[in-house]
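To keep things clear, I will list the structure first and then write my remarks on it.
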Amino acid sequence: MQKLITILGPTACGKTTLATHLALQCDGEIISADSRQVYRRMDIGTGKDIDDYHIDGHDISYHLIDICEPGTKYNLFEYQQDCLNAYNDIVQRGKQPVLCGGTGLYIESVIRGYQLSPVPQNQQLRDSLEGRSLEELTQMLEQLKKQTGTTMHNTTDVDSPQRAIRAIEIETYNLQHPTQRRQFPAIPSIIFGLDINRETRRQRISQRLRQRLDNGMVDEIRQILASGVTPDDLMYYGLEYKFVTLYVIGQLSYEQMVHDLEIAIHQFAKRQMTWFRGMERRGLHIHWMDASQPLSQNINQILSFL
């Protein structure tokens with residue numbers, strides 16, 4: 001299999017800009033590894049930054065962005081198959097696939113070839129868990145993970161009761177159906193990570209949050225709610241969609257929303273780095289680069305390595 005180039009890093013480190021400029025240099029196409037950019041009309045809050053895919057008159061092709069509707073529950077099993085299909089399509093056309101994103105679970109699932117089951121909804125289990133706190137659900141999930149031996153569903157992605165219940169549903173199913181697994185090929189990859197010091201990362205996150213609010217993020221979320229997506233379904237996606245929705249429906253003041261969201265994004269970036277360090281402990285080598293270096297320097301560093 002042709003090697004995949006992977007660009008990863010925490011939020012606000014400049015991954016997309018690096019990946020698109022690299023793709024321009026090596027005749028590549030981008031495969032997104034972002035668990036929320038798959039949703040249409042969720043543009044500002046997910047930071048799709050589509051303008052980054054237009055460079056000096058060239059359009060960089062991208063995949064797995066805007067492929068499903070808000071309110072649906074796109075999952076890891078679907079992502080693996082969609083990613084493999086995109087990879088095969090890119091390779092068959094003689095292009096270089098570049099995987100780019102910050103959802104460590106998605107990235108690791110395709111590089112290491114997670115063997116997953118298509119897990120149906122278990123309404124009886126969901127009803128029994130309804131009303132439990134995130135802390136209680138997290139404890140239950142940890143116990144299940146010890147039984148299944150899985151490394152999935154860490155706190156990076158399980159940050160709401162709805163997500164925790166879905167994770168428990170998956171782990172319960174896998175415990176009861178250990179043999180019904182799909183064979184998924186591991187995709188060989190060279191992995192490059194953008195490292196950014198904590199203070200710079202915090203500054204970029206704060207600046208970007210304010211830019212998104214100025215650019216209409218609240219209106220974007222109002223429009224999605226007006227289209228018929230329920231507040232609970234929108235809050236399922238976490239971070240911006242959780243806190244801004246709480247503001248829109250009157251449960252948070254604007255000032256409190258901004259304060260709580262900023263803290264949550266900082267915590268999320270920290271958890272992303274925890275996941276990436278875990279990937280290294282699990283045997284994946286990441287070539288780390290300084291995100292504060294000039295873009296051209298990091299691109300040349302990657303090209304010389306390749």
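By order in the structure tokens, chains are A, B, ...; within a chain, residues start at 1; ligands start at 1, following the order shown.
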Residues near segment 202-213 of chain A, anyone? I mean within 12 Å using only C-alpha atoms, not counting same-chain ones fewer than 4 positions away, as a count of residues only. 41
Quick check for you: according to DSSP on this backbone, which residues of segment 63-240 of chain A are classed as alpha helix (DSSP H)? Reply as a PyMOL selection string. chain A and resi 76-92+104-111+123-129+134-148+161-176+198-214+217-226+231-235+239-240
Contact table segment 111-214 of chain A vs segment 274-289 of chain A, cut-off 9 Å, shortest pair per residue, only C-alpha atoms, as JSON lines:
{"residue": "A:Ile111", "atom": "CA", "partner": "A:Leu284", "partner_atom": "CA", "distance": 8.8}
{"residue": "A:Arg112", "atom": "CA", "partner": "A:Leu284", "partner_atom": "CA", "distance": 8.6}
{"residue": "A:Asn154", "atom": "CA", "partner": "A:Trp275", "partner_atom": "CA", "distance": 8.2}
{"residue": "A:Thr156", "atom": "CA", "partner": "A:Trp275", "partner_atom": "CA", "distance": 7.5}
{"residue": "A:Ile190", "atom": "CA", "partner": "A:Ile286", "partner_atom": "CA", "distance": 7.7}
{"residue": "A:Ile191", "atom": "CA", "partner": "A:Ile286", "partner_atom": "CA", "distance": 5.0}
{"residue": "A:Phe192", "atom": "CA", "partner": "A:His287", "partner_atom": "CA", "distance": 4.6}
{"residue": "A:Gly193", "atom": "CA", "partner": "A:Trp288", "partner_atom": "CA", "distance": 4.6}
{"residue": "A:Leu194", "atom": "CA", "partner": "A:Met289", "partner_atom": "CA", "distance": 5.1}
{"residue": "A:Asp195", "atom": "CA", "partner": "A:Met289", "partner_atom": "CA", "distance": 5.8}
{"residue": "A:Ile196", "atom": "CA", "partner": "A:Met289", "partner_atom": "CA", "distance": 8.6}
Using Å and a single decimal, report how far atom CA of Gly113 of chain A sits from atom CA of Leu64 of chain A. 18.2 Å
Shortest contact to Val248 of chain A, candidates A:Ile60, A:Tyr236, A:Ile224, A:Arg132, atoms counted only C-alpha atoms, goes to A:Ile224
Selected residue of minimal separation from Asn122 of chain A among A:Asp89, A:Glu136, A:Glu171, A:Glu78, counting only C-alpha atoms: A:Glu171
What's the 7 Å shell around Val110 of chain A, counting only C-alpha atoms, without same-chain residues fewer than 5 positions away, as a PyMOL selection string? chain A and resi 80+186-187
Could you dump the residues just selected with N, CA and C atoms as a PDB file, in the first residue's frame?
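After the write, again.pdb holds the following:
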ATOM      1  N   GLN A  80     -13.828   4.867   9.339  1.00  0.00           N
ATOM      2  CA  GLN A  80     -12.802   3.968   8.819  1.00  0.00           C
ATOM      3  C   GLN A  80     -13.072   3.609   7.357  1.00  0.00           C
ATOM      4  N   ALA A 186      -4.553  -2.086   8.098  1.00  0.00           N
ATOM      5  CA  ALA A 186      -3.795  -0.945   8.604  1.00  0.00           C
ATOM      6  C   ALA A 186      -3.175  -0.216   7.408  1.00  0.00           C
ATOM      7  N   ILE A 187      -3.284   1.103   7.395  1.00  0.00           N
ATOM      8  CA  ILE A 187      -2.725   1.892   6.298  1.00  0.00           C
ATOM      9  C   ILE A 187      -1.366   2.424   6.740  1.00  0.00           C
TER      10      ILE A 187
END
Using 10 Å as the limit and counting only C-alpha atoms, can you tabulate each residue of segment 72-157 of chain A that touches segment 35-41 of chain A, with its shortest atom-to-atom distance in Å and the two atoms involved, as JSON lines?
{"residue": "A:Thr72", "atom": "CA", "partner": "A:Tyr39", "partner_atom": "CA", "distance": 8.5}
{"residue": "A:Lys73", "atom": "CA", "partner": "A:Tyr39", "partner_atom": "CA", "distance": 9.7}
{"residue": "A:Tyr74", "atom": "CA", "partner": "A:Val38", "partner_atom": "CA", "distance": 8.0}
{"residue": "A:Asn75", "atom": "CA", "partner": "A:Ser35", "partner_atom": "CA", "distance": 8.2}
{"residue": "A:Leu76", "atom": "CA", "partner": "A:Ser35", "partner_atom": "CA", "distance": 8.6}
{"residue": "A:Tyr79", "atom": "CA", "partner": "A:Ser35", "partner_atom": "CA", "distance": 8.6}
{"residue": "A:Gly101", "atom": "CA", "partner": "A:Ser35", "partner_atom": "CA", "distance": 8.8}
{"residue": "A:Gly102", "atom": "CA", "partner": "A:Ser35", "partner_atom": "CA", "distance": 8.5}
{"residue": "A:Thr103", "atom": "CA", "partner": "A:Ser35", "partner_atom": "CA", "distance": 6.2}
{"residue": "A:Gly104", "atom": "CA", "partner": "A:Ser35", "partner_atom": "CA", "distance": 9.6}
{"residue": "A:Leu105", "atom": "CA", "partner": "A:Ser35", "partner_atom": "CA", "distance": 9.2}
{"residue": "A:Tyr106", "atom": "CA", "partner": "A:Ser35", "partner_atom": "CA", "distance": 7.5}
{"residue": "A:Asp157", "atom": "CA", "partner": "A:Ser35", "partner_atom": "CA", "distance": 9.1}
Segment 152-266 of chain A: residues DSSP assigns to strand (DSSP E or B), reported as a PyMOL selection string: chain A and resi 189-195
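From atom CA of Val229 of chain A back to atom CA of Pro70 of chain A, the distance works out to 6.9 Å.
Closest to Pro97 of chain A among A:Ser304, A:Ser61, A:Gln176, A:Gln121 is A:Ser61, based on only C-alpha atoms.
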Spatial neighbours of segment 50-57 of chain A, max dist 8 Å, only C-alpha atoms, sep filter under 3 positions, as a ChimeraX atom specification: /A:16-17,20-21,60-62
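Candidate residues A:Met273, A:His177, A:Ile299, A:Ser227 were compared for distance to Arg201 of chain A, and the nearest is A:Met273, using only C-alpha atoms.
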